[in-house]
file input.cif (mmCIF, C-alpha atoms and all ligand atoms)
data_entry
loop_
_atom_site.label_atom_id
_atom_site.label_comp_id
_atom_site.auth_asym_id
_atom_site.auth_seq_id
_atom_site.Cartn_x
_atom_site.Cartn_y
_atom_site.Cartn_z
CA MET A 1 -14.05 27.85 28.54
CA ARG A 2 -10.42 26.98 28.01
CA TRP A 3 -10.81 23.63 29.76
CA ILE A 4 -13.54 22.68 27.34
CA ARG A 5 -11.23 23.38 24.44
CA ARG A 6 -8.49 21.35 26.13
CA LEU A 7 -10.86 18.48 26.77
CA PHE A 8 -11.92 18.62 23.14
CA VAL A 9 -8.29 18.52 21.94
CA LEU A 10 -7.59 15.64 24.32
CA ILE A 11 -10.53 13.65 22.97
CA ILE A 12 -9.38 14.23 19.38
CA VAL A 13 -5.82 13.17 20.24
CA LEU A 14 -7.04 10.03 21.98
CA ALA A 15 -9.30 9.18 19.04
CA VAL A 16 -6.42 9.63 16.57
CA VAL A 17 -4.07 7.54 18.70
CA GLY A 18 -6.78 4.88 19.08
CA LEU A 19 -7.41 4.69 15.34
CA ALA A 20 -3.68 4.67 14.61
CA LEU A 21 -3.33 1.68 16.94
CA ILE A 22 -6.32 -0.09 15.39
CA TRP A 23 -4.92 0.46 11.91
CA THR A 24 -1.31 -0.52 12.66
CA VAL A 25 -0.75 -2.80 15.62
CA VAL A 26 -4.13 -4.45 16.17
CA PRO A 27 -4.44 -6.52 12.93
CA GLY A 28 -1.06 -8.20 13.52
CA TRP A 29 -1.89 -8.72 17.16
CA ILE A 30 -5.21 -10.37 16.27
CA GLU A 31 -3.59 -12.70 13.77
CA SER A 32 -0.74 -13.63 16.11
CA GLY A 33 -3.27 -14.99 18.56
CA ARG A 34 -5.30 -16.85 15.94
CA ASN A 35 -2.97 -18.56 13.49
CA THR A 36 -0.48 -20.19 15.79
CA VAL A 37 2.17 -22.84 15.27
CA ALA A 38 3.05 -24.75 18.42
CA GLU A 39 6.73 -24.73 19.27
CA HIS A 40 8.38 -27.96 18.29
CA ASP A 41 11.68 -29.63 17.49
CA PRO A 42 12.30 -30.19 13.76
CA TYR A 43 10.28 -33.14 12.48
CA PRO A 44 12.20 -36.01 10.86
CA VAL A 45 12.33 -36.17 7.07
CA SER A 46 13.94 -39.29 5.64
CA GLU A 47 16.12 -38.99 2.55
CA GLU A 48 13.71 -41.21 0.67
CA ALA A 49 10.79 -38.98 1.69
CA GLN A 50 12.53 -35.75 0.68
CA ALA A 51 13.35 -37.25 -2.73
CA LEU A 52 9.75 -38.32 -3.20
CA HIS A 53 8.45 -34.95 -2.00
CA ASP A 54 10.70 -33.12 -4.47
CA SER A 55 9.40 -35.22 -7.35
CA ILE A 56 5.63 -34.96 -6.79
CA VAL A 57 2.92 -32.32 -7.13
CA VAL A 58 1.99 -30.97 -3.70
CA GLY A 59 -1.36 -29.20 -3.47
CA ASP A 60 -3.60 -27.85 -0.72
CA TRP A 61 -7.32 -27.12 -1.03
CA HIS A 62 -7.75 -24.49 1.65
CA ALA A 63 -5.91 -21.57 3.25
CA ASP A 64 -7.35 -18.27 4.47
CA SER A 65 -4.17 -16.22 4.13
CA LEU A 66 -5.86 -13.42 2.15
CA LEU A 67 -7.82 -12.43 5.23
CA TRP A 68 -4.83 -11.02 7.05
CA GLN A 69 -2.68 -7.92 6.81
CA ARG A 70 0.50 -9.51 5.54
CA ASP A 71 2.65 -9.28 2.45
CA LEU A 72 2.51 -12.89 1.32
CA LEU A 73 5.67 -12.39 -0.74
CA LYS A 74 7.66 -12.02 2.48
CA ARG A 75 8.37 -14.62 5.09
CA SER A 76 6.40 -13.80 8.20
CA GLU A 77 6.69 -14.70 11.85
CA ARG A 78 2.91 -14.86 11.90
CA GLY A 79 0.51 -17.38 10.41
CA GLN A 80 1.30 -20.56 8.52
CA VAL A 81 1.47 -19.60 4.83
CA ASP A 82 3.43 -17.16 2.67
CA LEU A 83 5.30 -17.54 -0.61
CA PRO A 84 8.75 -18.28 0.87
CA ARG A 85 7.28 -20.95 3.13
CA LEU A 86 5.20 -22.44 0.30
CA GLN A 87 8.37 -22.66 -1.78
CA GLU A 88 10.30 -24.27 1.05
CA GLY A 89 7.45 -26.76 1.48
CA GLY A 90 7.56 -27.62 -2.22
CA VAL A 91 3.93 -26.58 -2.75
CA ALA A 92 2.79 -26.45 -6.39
CA LEU A 93 -0.90 -25.61 -5.91
CA GLN A 94 -2.53 -23.59 -3.16
CA VAL A 95 -6.17 -22.61 -2.92
CA PHE A 96 -6.66 -19.24 -1.24
CA THR A 97 -10.17 -18.91 0.07
CA ALA A 98 -11.97 -15.63 0.73
CA VAL A 99 -13.66 -15.54 4.12
CA THR A 100 -16.33 -12.84 4.02
CA LYS A 101 -18.35 -13.22 7.20
CA SER A 102 -17.67 -14.92 10.52
CA PRO A 103 -20.01 -14.69 13.51
CA MET A 104 -18.59 -13.45 16.79
CA GLY A 105 -18.27 -16.31 19.27
CA GLN A 106 -17.91 -18.69 16.33
CA ASN A 107 -18.24 -22.33 17.38
CA TYR A 108 -18.88 -25.71 15.77
CA ASP A 109 -22.29 -26.28 17.34
CA GLU A 110 -24.63 -23.42 16.58
CA ASN A 111 -24.17 -19.90 15.26
CA SER A 112 -26.68 -17.21 14.41
CA ALA A 113 -26.43 -15.46 11.06
CA GLU A 114 -27.42 -12.30 12.94
CA ALA A 115 -24.40 -12.34 15.30
CA LEU A 116 -21.95 -9.47 15.13
CA ASP A 117 -19.55 -10.14 12.26
CA ASN A 118 -15.81 -10.43 12.95
CA ILE A 119 -14.91 -9.70 9.32
CA THR A 120 -16.61 -6.30 9.45
CA LEU A 121 -14.33 -5.41 12.35
CA LEU A 122 -11.31 -6.89 10.57
CA ALA A 123 -12.10 -5.01 7.34
CA PHE A 124 -12.23 -1.77 9.32
CA ALA A 125 -9.12 -2.53 11.42
CA GLN A 126 -7.15 -3.47 8.30
CA LEU A 127 -8.41 -0.43 6.39
CA TRP A 128 -9.88 -2.45 3.55
CA PRO A 129 -11.66 -0.25 0.99
CA ILE A 130 -14.84 1.26 2.46
CA ARG A 131 -16.98 -0.62 -0.07
CA THR A 132 -15.97 -3.87 1.70
CA TRP A 133 -17.21 -2.72 5.10
CA ASP A 134 -20.82 -3.56 4.38
CA SER A 135 -20.66 -5.83 1.30
CA LEU A 136 -19.75 -9.52 1.42
CA PHE A 137 -19.51 -9.50 -2.36
CA GLU A 138 -16.93 -6.70 -2.29
CA ARG A 139 -14.95 -8.59 0.35
CA ALA A 140 -14.66 -11.59 -1.99
CA MET A 141 -13.68 -9.31 -4.86
CA TYR A 142 -11.15 -7.47 -2.72
CA GLN A 143 -9.44 -10.66 -1.53
CA ALA A 144 -9.16 -11.79 -5.17
CA ARG A 145 -7.59 -8.40 -5.95
CA LYS A 146 -5.10 -8.92 -3.13
CA LEU A 147 -3.98 -12.22 -4.63
CA GLN A 148 -3.71 -10.62 -8.07
CA ASP A 149 -1.51 -7.90 -6.60
CA PHE A 150 0.75 -10.46 -4.96
CA ALA A 151 0.95 -12.37 -8.26
CA GLU A 152 1.79 -9.21 -10.19
CA ARG A 153 4.57 -8.29 -7.76
CA SER A 154 5.96 -11.83 -7.57
CA ASP A 155 8.11 -11.84 -10.73
CA GLY A 156 6.23 -14.84 -12.04
CA ALA A 157 6.59 -16.85 -8.83
CA ILE A 158 2.81 -16.84 -8.28
CA ARG A 159 0.49 -17.61 -11.17
CA ILE A 160 -3.26 -17.59 -10.71
CA VAL A 161 -4.83 -20.78 -12.07
CA ARG A 162 -8.19 -20.16 -13.76
CA SER A 163 -8.20 -22.92 -16.39
CA GLU A 164 -6.76 -26.31 -17.22
CA ASP A 165 -4.23 -24.56 -19.50
CA ASP A 166 -3.05 -22.46 -16.55
CA LEU A 167 -2.76 -25.62 -14.49
CA ASP A 168 -0.74 -27.37 -17.20
CA ALA A 169 1.54 -24.34 -17.57
CA VAL A 170 2.30 -24.29 -13.84
CA LEU A 171 2.99 -28.02 -13.68
CA GLU A 172 5.16 -27.87 -16.78
CA ALA A 173 7.16 -24.92 -15.45
CA ARG A 174 7.75 -26.83 -12.23
CA GLU A 175 8.91 -29.87 -14.18
CA ASN A 176 11.42 -27.58 -15.87
CA GLY A 177 12.75 -26.60 -12.48
CA GLU A 178 10.97 -23.25 -12.06
CA GLU A 179 9.76 -22.56 -8.55
CA VAL A 180 6.25 -21.50 -9.56
CA LEU A 181 3.21 -21.56 -7.32
CA GLY A 182 -0.19 -22.12 -8.92
CA ALA A 183 -2.67 -20.17 -6.82
CA LEU A 184 -6.41 -20.80 -7.02
CA LEU A 185 -9.16 -18.62 -5.61
CA GLY A 186 -12.28 -19.71 -3.81
CA ILE A 187 -15.03 -18.39 -1.58
CA GLU A 188 -15.78 -19.88 1.82
CA GLY A 189 -19.56 -19.90 1.62
CA SER A 190 -21.57 -18.36 -1.22
CA HIS A 191 -23.12 -15.54 0.81
CA PRO A 192 -20.95 -13.10 -1.24
CA LEU A 193 -23.44 -13.72 -4.05
CA GLU A 194 -25.75 -11.54 -1.95
CA GLY A 195 -28.71 -13.43 -3.33
CA ASN A 196 -27.87 -12.54 -6.93
CA LEU A 197 -26.95 -15.25 -9.46
CA ALA A 198 -25.38 -12.63 -11.73
CA ASN A 199 -22.60 -12.21 -9.16
CA ILE A 200 -21.29 -15.68 -10.09
CA ASP A 201 -19.98 -14.19 -13.34
CA ARG A 202 -18.30 -11.34 -11.53
CA LEU A 203 -16.67 -13.60 -8.95
CA MET A 204 -15.41 -15.87 -11.73
CA GLU A 205 -14.03 -12.89 -13.63
CA ALA A 206 -12.10 -12.02 -10.48
CA GLY A 207 -10.63 -15.52 -10.60
CA HIS A 208 -12.76 -17.48 -8.13
CA ARG A 209 -13.05 -21.14 -9.14
CA ILE A 210 -13.89 -22.94 -5.91
CA PHE A 211 -17.35 -22.23 -4.55
CA GLY A 212 -18.06 -23.25 -0.98
CA LEU A 213 -21.78 -23.10 -0.25
CA GLN A 214 -21.87 -22.34 3.49
CA HIS A 215 -19.59 -21.25 6.28
CA PHE A 216 -20.40 -21.00 10.00
CA PHE A 217 -24.02 -19.83 9.71
CA ASP A 218 -27.12 -20.60 7.66
CA ASN A 219 -27.14 -18.43 4.54
CA GLN A 220 -29.45 -17.76 1.59
CA LEU A 221 -28.38 -21.06 0.02
CA GLY A 222 -29.23 -23.31 2.95
CA GLY A 223 -28.12 -24.72 6.29
CA SER A 224 -24.63 -24.70 7.75
CA LEU A 225 -23.07 -27.58 9.65
CA HIS A 226 -22.79 -25.08 12.51
CA GLY A 227 -25.98 -23.09 11.98
CA GLU A 228 -29.42 -23.11 13.57
CA SER A 229 -31.74 -24.63 10.96
CA ASN A 230 -29.94 -27.81 9.79
CA GLU A 231 -31.91 -27.33 6.60
CA GLY A 232 -30.99 -28.46 3.11
CA LEU A 233 -30.70 -26.29 0.01
CA SER A 234 -33.15 -23.42 -0.33
CA ASP A 235 -34.68 -22.57 -3.72
CA PHE A 236 -31.90 -20.04 -4.19
CA GLY A 237 -29.33 -22.67 -3.15
CA ARG A 238 -30.69 -25.04 -5.79
CA ALA A 239 -30.56 -22.29 -8.40
CA VAL A 240 -26.91 -21.58 -7.50
CA VAL A 241 -25.93 -25.26 -7.67
CA ARG A 242 -27.73 -25.64 -11.02
CA ASP A 243 -25.87 -22.59 -12.32
CA LEU A 244 -22.48 -23.80 -11.06
CA MET A 245 -22.98 -27.26 -12.60
CA ASP A 246 -22.44 -25.98 -16.10
CA ARG A 247 -19.48 -23.85 -15.22
CA PRO A 248 -15.79 -24.80 -14.89
CA VAL A 249 -15.79 -24.49 -11.11
CA ILE A 250 -15.46 -26.81 -8.15
CA ILE A 251 -18.26 -27.08 -5.59
CA ASP A 252 -16.98 -27.34 -2.03
CA LEU A 253 -19.23 -28.89 0.63
CA ALA A 254 -17.07 -27.98 3.64
CA HIS A 255 -19.18 -26.43 6.42
CA SER A 256 -22.48 -27.40 4.73
CA SER A 257 -25.21 -29.13 6.72
CA PRO A 258 -25.55 -32.89 6.09
CA GLN A 259 -28.86 -32.20 4.31
CA VAL A 260 -27.22 -29.66 1.97
CA VAL A 261 -24.53 -32.24 1.20
CA GLU A 262 -27.20 -34.82 0.38
CA ASP A 263 -29.16 -32.35 -1.75
CA VAL A 264 -26.08 -31.44 -3.79
CA LEU A 265 -25.16 -35.13 -4.18
CA ASP A 266 -28.65 -35.79 -5.52
CA MET A 267 -28.49 -32.91 -8.00
CA THR A 268 -25.02 -33.40 -9.48
CA ASP A 269 -23.00 -36.04 -11.29
CA PHE A 270 -19.45 -34.74 -11.22
CA PRO A 271 -16.61 -34.73 -8.67
CA LEU A 272 -17.38 -32.77 -5.49
CA ILE A 273 -15.03 -31.87 -2.68
CA VAL A 274 -15.04 -31.26 1.04
CA SER A 275 -11.99 -29.02 1.02
CA HIS A 276 -10.99 -29.12 4.68
CA THR A 277 -12.28 -31.64 7.15
CA GLY A 278 -11.49 -34.67 9.25
CA LEU A 279 -13.09 -38.08 9.36
CA HIS A 280 -15.87 -38.69 11.86
CA SER A 281 -14.83 -42.28 12.59
CA HIS A 282 -11.30 -41.06 13.30
CA CYS A 283 -12.28 -37.92 15.17
CA ALA A 284 -15.89 -37.70 16.35
CA THR A 285 -16.49 -33.93 16.43
CA LYS A 286 -19.37 -31.87 15.08
CA ARG A 287 -16.92 -30.42 12.55
CA ASN A 288 -16.52 -33.76 10.74
CA LEU A 289 -19.35 -35.06 8.55
CA PRO A 290 -20.45 -38.70 8.98
CA ASP A 291 -18.22 -41.15 7.07
CA GLU A 292 -21.21 -42.28 5.04
CA LEU A 293 -21.61 -38.82 3.50
CA LEU A 294 -17.88 -38.52 2.84
CA ARG A 295 -18.05 -41.90 1.11
CA ARG A 296 -20.78 -40.56 -1.17
CA VAL A 297 -18.60 -37.52 -1.95
CA ALA A 298 -15.76 -39.93 -2.78
CA ASP A 299 -18.14 -41.87 -5.05
CA THR A 300 -18.54 -38.77 -7.24
CA GLY A 301 -14.83 -39.06 -8.06
CA GLY A 302 -14.18 -36.23 -5.66
CA VAL A 303 -11.94 -35.80 -2.64
CA ILE A 304 -11.86 -34.67 0.94
CA GLY A 305 -9.01 -32.43 2.09
CA LEU A 306 -7.46 -33.37 5.42
CA GLY A 307 -7.29 -30.46 7.87
CA TYR A 308 -4.40 -30.03 10.28
CA TRP A 309 -6.17 -28.59 13.32
CA ALA A 310 -7.41 -30.17 16.54
CA GLU A 311 -11.16 -30.45 15.86
CA ALA A 312 -10.56 -32.09 12.47
CA ALA A 313 -7.74 -34.44 13.44
CA CYS A 314 -8.23 -34.89 17.22
CA ASP A 315 -5.33 -35.31 19.63
CA ASP A 316 -2.09 -35.29 17.67
CA ILE A 317 -1.79 -32.52 15.07
CA THR A 318 1.84 -33.16 14.24
CA PRO A 319 2.80 -34.57 10.82
CA ALA A 320 2.64 -38.05 12.40
CA GLY A 321 -0.89 -37.31 13.67
CA ILE A 322 -2.07 -36.08 10.26
CA ALA A 323 -0.49 -39.17 8.68
CA GLN A 324 -2.59 -41.34 11.00
CA MET A 325 -5.69 -39.47 9.82
CA ALA A 326 -4.59 -40.07 6.22
CA VAL A 327 -4.30 -43.80 6.87
CA ALA A 328 -7.80 -43.82 8.38
CA ALA A 329 -9.18 -41.80 5.45
CA VAL A 330 -7.62 -44.17 2.90
CA GLU A 331 -9.23 -47.08 4.71
CA VAL A 332 -12.69 -45.49 4.62
CA LEU A 333 -12.59 -43.70 1.26
CA GLY A 334 -9.83 -45.27 -0.79
CA ASP A 335 -6.55 -43.62 -1.80
CA ASP A 336 -8.06 -41.84 -4.81
CA HIS A 337 -10.24 -39.66 -2.61
CA VAL A 338 -7.93 -38.16 0.00
CA SER A 339 -6.21 -34.78 -0.41
CA LEU A 340 -4.74 -32.01 1.72
CA GLY A 341 -6.91 -29.20 3.09
CA SER A 342 -4.82 -27.59 5.78
CA ASP A 343 -7.04 -24.64 6.77
CA PHE A 344 -3.77 -22.80 7.36
CA ASP A 345 -4.32 -19.16 8.37
CA GLY A 346 -7.96 -20.02 9.08
CA SER A 347 -7.79 -19.05 12.76
CA VAL A 348 -6.35 -22.44 13.65
CA GLY A 349 -3.56 -23.62 15.86
CA THR A 350 -1.29 -26.17 14.16
CA ALA A 351 1.94 -27.91 15.04
CA PHE A 352 3.68 -27.23 11.71
CA ASP A 353 3.46 -24.67 8.94
CA THR A 354 3.46 -25.11 5.18
CA SER A 355 7.27 -24.99 4.93
CA GLU A 356 7.36 -28.30 6.81
CA LEU A 357 5.27 -30.37 4.40
CA PRO A 358 8.19 -32.71 3.54
CA ALA A 359 7.75 -33.96 7.12
CA LEU A 360 4.16 -34.89 6.27
CA THR A 361 5.32 -36.91 3.25
CA SER A 362 7.86 -38.57 5.52
CA ALA A 363 5.29 -39.30 8.23
CA MET A 364 2.88 -40.84 5.70
CA LEU A 365 5.55 -43.20 4.42
CA GLU A 366 6.47 -43.99 8.00
CA ALA A 367 2.79 -44.75 8.71
CA GLY A 368 2.81 -47.41 6.01
CA LEU A 369 1.32 -45.62 2.99
CA SER A 370 3.03 -46.47 -0.29
CA GLU A 371 4.87 -43.93 -2.45
CA GLU A 372 2.01 -44.15 -4.93
CA GLN A 373 -0.58 -43.45 -2.24
CA VAL A 374 1.40 -40.54 -0.82
CA THR A 375 1.77 -39.08 -4.32
CA LYS A 376 -2.01 -39.14 -4.74
CA ILE A 377 -2.78 -37.67 -1.32
CA MET A 378 -0.15 -34.92 -1.44
CA GLY A 379 -1.50 -33.53 -4.72
CA GLY A 380 -2.19 -36.11 -7.43
CA ASN A 381 -5.86 -36.46 -6.51
CA MET A 382 -6.26 -32.69 -6.38
CA VAL A 383 -4.88 -32.34 -9.90
CA ARG A 384 -7.31 -35.03 -11.12
CA VAL A 385 -10.33 -33.19 -9.69
CA LEU A 386 -9.16 -29.81 -11.00
CA ARG A 387 -8.76 -31.33 -14.47
CA ALA A 388 -12.23 -32.86 -14.27
CA ARG A 389 -13.83 -29.49 -13.59
CA LEU A 390 -11.70 -26.65 -14.98
CA ASP A 391 -11.84 -25.95 -18.71
ZN ZN B 1 -13.36 -23.37 7.10
#

call {"tool": "encode", "arguments": {"input": "input.cif", "output": "structure tokens", "more": "lines below"}}
Ligand SMILES: [Zn+2]
result
Amino acid sequence: MRWIRRLFVLIIVLAVVGLALIWTVVPGWIESGRNTVAEHDPYPVSEEAQALHDSIVVGDWHADSLLWQRDLLKRSERGQVDLPRLQEGGVALQVFTAVTKSPMGQNYDENSAEALDNITLLAFAQLWPIRTWDSLFERAMYQARKLQDFAERSDGAIRIVRSEDDLDAVLEARENGEEVLGALLGIEGSHPLEGNLANIDRLMEAGHRIFGLQHFFDNQLGGSLHGESNEGLSDFGRAVVRDLMDRPVIIDLAHSSPQVVEDVLDMTDFPLIVSHTGLHSHCATKRNLPDELLRRVADTGGVIGLGYWAEAACDDITPAGIAQMAVAAVEVLGDDHVSLGSDFDGSVGTAFDTSELPALTSAMLEAGLSEEQVTKIMGGNMVRVLRARLD
């Protein structure tokens, strides 16, 4: 019988070692393979560009940094965003978006809502609170809590922006030379509502102000750009949009099916955004909505955020490549409707991280955009839309 006992002990030891590995090494290992920055020589930044960059508001509509097991107050070798790198990049405003469900085998063409969920595995591997393991709502609340914790430990370097007053305070502090980051919270897809309109209040109390409607799969609100149905808004989706209309929040159409985008355009009369995308005429992938729809989003007074990864920008994802996309976007949409929406830390490979944003300013000037246009794209337009919607 002794061998049975030994076998039993061996199994327990292996299980403990396995869990220890899952809870320590695996999360970092997963992220290292997902949020990559290609090796590169330093990008050129002209003196003129650095001076402009230092004088303007730089803002980004979309980063998924809260998904990963990292202390964002410390500079990391992994990923593309943390506080030290945001400060080095001169970033004033950063939206942190809560990803709550992502289908295994995720792709831009077609995903099933029933597929095994990567975030369940990530929540377990990163030892998120047990309540998050089977609740998308709790995952959105938990990621908001994470940002609050970072803000509380940051000695005032991170302030969460929930209102126009908060926004003004951050911009004023920066004008007085304080290196303050205004952080906004959003959800990537409104499945964390779990079908319950009352959860909008709770998400807003936690600080969420940017509401994406879909992510990679069709949800209770309607069709995804990468789902199976291609449908527009469901009855519940319409109820959510109607509810959000009267609230000081921004509606984000990134990842929504073209029909959902049209339905929301028909229902609303305020600035809308597509937080992270490319332009179909510049880069003809499934990920990028037709120009015509983006033009209608621009017509609301809204913006699209330019993403820095291959399927949004095509070929060249260096600062010079993103600058070319900016030029194309200005041509199609006008310079009042183009913003930044990096998708940093969103399981994307890029060729620069957020500390290198002065190189993007430089590349845009180099590509022929005027100082005024660059000022709008780098953050001015984002501030305008936030002011139009926050209270
Ligand atoms: Zn996304």

call {"tool": "atom_distance", "arguments": {"input": "input.cif", "atom1": "CA of Val330 (chain A)", "atom2": "CA of Arg296 (chain A)"}}
result
14.2 Å

call {"tool": "residues_around", "arguments": {"input": "input.cif", "residues": "region 77-86 of chain A", "least_positions_apart": "5", "cutoff": "6 Å", "atoms": "only C-alpha atoms", "output": "list in words"}}
result
Ser32, Asn35, Leu72, Val91, Phe344, Asp345, Asp353, Thr354 and Ser355 of chain A

call {"tool": "closest_atom_pairs", "arguments": {"input": "input.cif", "of": "region 142-224 of chain A", "to": "region 100-122 of chain A", "cutoff": "12 Å", "atoms": "all atoms listed in the file", "output": "JSON lines"}}
result
{"residue": "A:Tyr142", "atom": "CA", "partner": "A:Thr100", "partner_atom": "CA", "distance": 10.1}
{"residue": "A:Gln143", "atom": "CA", "partner": "A:Thr100", "partner_atom": "CA", "distance": 9.1}
{"residue": "A:Ala144", "atom": "CA", "partner": "A:Thr100", "partner_atom": "CA", "distance": 11.7}
{"residue": "A:Gly186", "atom": "CA", "partner": "A:Thr100", "partner_atom": "CA", "distance": 11.2}
{"residue": "A:Ile187", "atom": "CA", "partner": "A:Thr100", "partner_atom": "CA", "distance": 8.0}
{"residue": "A:Glu188", "atom": "CA", "partner": "A:Thr100", "partner_atom": "CA", "distance": 7.4}
{"residue": "A:Gly189", "atom": "CA", "partner": "A:Thr100", "partner_atom": "CA", "distance": 8.1}
{"residue": "A:Ser190", "atom": "CA", "partner": "A:Thr100", "partner_atom": "CA", "distance": 9.2}
{"residue": "A:His191", "atom": "CA", "partner": "A:Thr100", "partner_atom": "CA", "distance": 8.0}
{"residue": "A:Pro192", "atom": "CA", "partner": "A:Thr100", "partner_atom": "CA", "distance": 7.0}
{"residue": "A:Leu193", "atom": "CA", "partner": "A:Thr100", "partner_atom": "CA", "distance": 10.8}
{"residue": "A:Glu194", "atom": "CA", "partner": "A:Thr100", "partner_atom": "CA", "distance": 11.2}
{"residue": "A:Gly212", "atom": "CA", "partner": "A:Thr100", "partner_atom": "CA", "distance": 11.7}
{"residue": "A:Gln214", "atom": "CA", "partner": "A:Lys101", "partner_atom": "CA", "distance": 10.5}
{"residue": "A:His215", "atom": "CA", "partner": "A:Ser102", "partner_atom": "CA", "distance": 7.9}
{"residue": "A:Phe216", "atom": "CA", "partner": "A:Asn111", "partner_atom": "CA", "distance": 6.6}
{"residue": "A:Phe217", "atom": "CA", "partner": "A:Ala113", "partner_atom": "CA", "distance": 5.2}
{"residue": "A:Asp218", "atom": "CA", "partner": "A:Ala113", "partner_atom": "CA", "distance": 6.2}
{"residue": "A:Asn219", "atom": "CA", "partner": "A:Ala113", "partner_atom": "CA", "distance": 7.2}
{"residue": "A:Gln220", "atom": "CA", "partner": "A:Ala113", "partner_atom": "CA", "distance": 10.2}
{"residue": "A:Gly222", "atom": "CA", "partner": "A:Ala113", "partner_atom": "CA", "distance": 11.6}
{"residue": "A:Gly223", "atom": "CA", "partner": "A:Ala113", "partner_atom": "CA", "distance": 10.6}
{"residue": "A:Ser224", "atom": "CA", "partner": "A:Glu110", "partner_atom": "CA", "distance": 8.9}

call {"tool": "residues_near_ligand", "arguments": {"input": "input.cif", "ligand": "ligand ZN 1 (chain B)", "cutoff": "9 Å", "atoms": "all atoms listed in the file", "output": "MDAnalysis selection string"}}
result
chainID A and resid 62:64 97 99 188:189 215:216 254:255 275:277 343 346

call {"tool": "closest_residue", "arguments": {"input": "input.cif", "among": "A:Leu289, A:Ile377, A:Val385, A:Ala326", "to": "Ile273 (chain A)", "atoms": "only C-alpha atoms"}}
result
A:Val385

call {"tool": "atom_distance", "arguments": {"input": "input.cif", "atom1": "CA of Arg384 (chain A)", "atom2": "CA of Gly301 (chain A)"}}
result
9.1 Å

call {"tool": "residues_around", "arguments": {"input": "input.cif", "residues": "Asp60 (chain A)", "least_positions_apart": "4", "cutoff": "8 Å", "atoms": "all atoms listed in the file", "output": "ChimeraX atom specification"}}
result
/A:91,93-95,305,339-342,378-379,382

call {"tool": "write_last_selection", "arguments": {"input": "input.cif", "atoms": "C-alpha atoms", "output": "short mmCIF file (atom, residue, chain, number, x, y, z; two decimals), in the coordinates of the input"}}
result
data_model
loop_
_atom_site.label_atom_id
_atom_site.label_comp_id
_atom_site.auth_asym_id
_atom_site.auth_seq_id
_atom_site.Cartn_x
_atom_site.Cartn_y
_atom_site.Cartn_z
CA VAL A 91 3.93 -26.58 -2.75
CA LEU A 93 -0.90 -25.61 -5.91
CA GLN A 94 -2.53 -23.59 -3.16
CA VAL A 95 -6.17 -22.61 -2.92
CA GLY A 305 -9.01 -32.43 2.09
CA SER A 339 -6.21 -34.78 -0.41
CA LEU A 340 -4.74 -32.01 1.72
CA GLY A 341 -6.91 -29.20 3.09
CA SER A 342 -4.82 -27.59 5.78
CA MET A 378 -0.15 -34.92 -1.44
CA GLY A 379 -1.50 -33.53 -4.72
CA MET A 382 -6.26 -32.69 -6.38
#

call {"tool": "atom_distance", "arguments": {"input": "input.cif", "atom1": "CA of Val260 (chain A)", "atom2": "CA of Phe236 (chain A)"}}
result
12.3 Å

call {"tool": "build_atoms", "arguments": {"input": "input.cif", "residues": "region 174-184 of chain A", "atoms": "N, CA and C atoms", "output": "PDB file, in the coordinates of the input"}}
result
ATOM      1  N   ARG A 174       7.119 -26.180 -13.392  1.00  0.00           N
ATOM      2  CA  ARG A 174       7.750 -26.830 -12.230  1.00  0.00           C
ATOM      3  C   ARG A 174       8.601 -28.018 -12.665  1.00  0.00           C
ATOM      4  N   GLU A 175       8.108 -28.738 -13.678  1.00  0.00           N
ATOM      5  CA  GLU A 175       8.910 -29.870 -14.180  1.00  0.00           C
ATOM      6  C   GLU A 175      10.220 -29.383 -14.787  1.00  0.00           C
ATOM      7  N   ASN A 176      10.188 -28.148 -15.308  1.00  0.00           N
ATOM      8  CA  ASN A 176      11.420 -27.580 -15.870  1.00  0.00           C
ATOM      9  C   ASN A 176      12.263 -26.899 -14.798  1.00  0.00           C
ATOM     10  N   GLY A 177      11.908 -27.114 -13.563  1.00  0.00           N
ATOM     11  CA  GLY A 177      12.750 -26.600 -12.480  1.00  0.00           C
ATOM     12  C   GLY A 177      12.411 -25.202 -11.994  1.00  0.00           C
ATOM     13  N   GLU A 178      11.361 -24.586 -12.542  1.00  0.00           N
ATOM     14  CA  GLU A 178      10.970 -23.250 -12.060  1.00  0.00           C
ATOM     15  C   GLU A 178      10.171 -23.394 -10.777  1.00  0.00           C
ATOM     16  N   GLU A 179      10.448 -22.484  -9.831  1.00  0.00           N
ATOM     17  CA  GLU A 179       9.760 -22.560  -8.550  1.00  0.00           C
ATOM     18  C   GLU A 179       8.471 -21.730  -8.617  1.00  0.00           C
ATOM     19  N   VAL A 180       7.486 -22.249  -9.339  1.00  0.00           N
ATOM     20  CA  VAL A 180       6.250 -21.500  -9.560  1.00  0.00           C
ATOM     21  C   VAL A 180       5.148 -22.054  -8.663  1.00  0.00           C
ATOM     22  N   LEU A 181       4.382 -21.140  -8.089  1.00  0.00           N
ATOM     23  CA  LEU A 181       3.210 -21.560  -7.320  1.00  0.00           C
ATOM     24  C   LEU A 181       1.953 -21.291  -8.135  1.00  0.00           C
ATOM     25  N   GLY A 182       1.131 -22.308  -8.310  1.00  0.00           N
ATOM     26  CA  GLY A 182      -0.190 -22.120  -8.920  1.00  0.00           C
ATOM     27  C   GLY A 182      -1.177 -21.795  -7.811  1.00  0.00           C
ATOM     28  N   ALA A 183      -1.757 -20.607  -7.882  1.00  0.00           N
ATOM     29  CA  ALA A 183      -2.670 -20.170  -6.820  1.00  0.00           C
ATOM     30  C   ALA A 183      -4.096 -20.172  -7.369  1.00  0.00           C
ATOM     31  N   LEU A 184      -4.996 -20.793  -6.618  1.00  0.00           N
ATOM     32  CA  LEU A 184      -6.410 -20.800  -7.020  1.00  0.00           C
ATOM     33  C   LEU A 184      -7.205 -20.001  -5.994  1.00  0.00           C
TER      34      LEU A 184
END
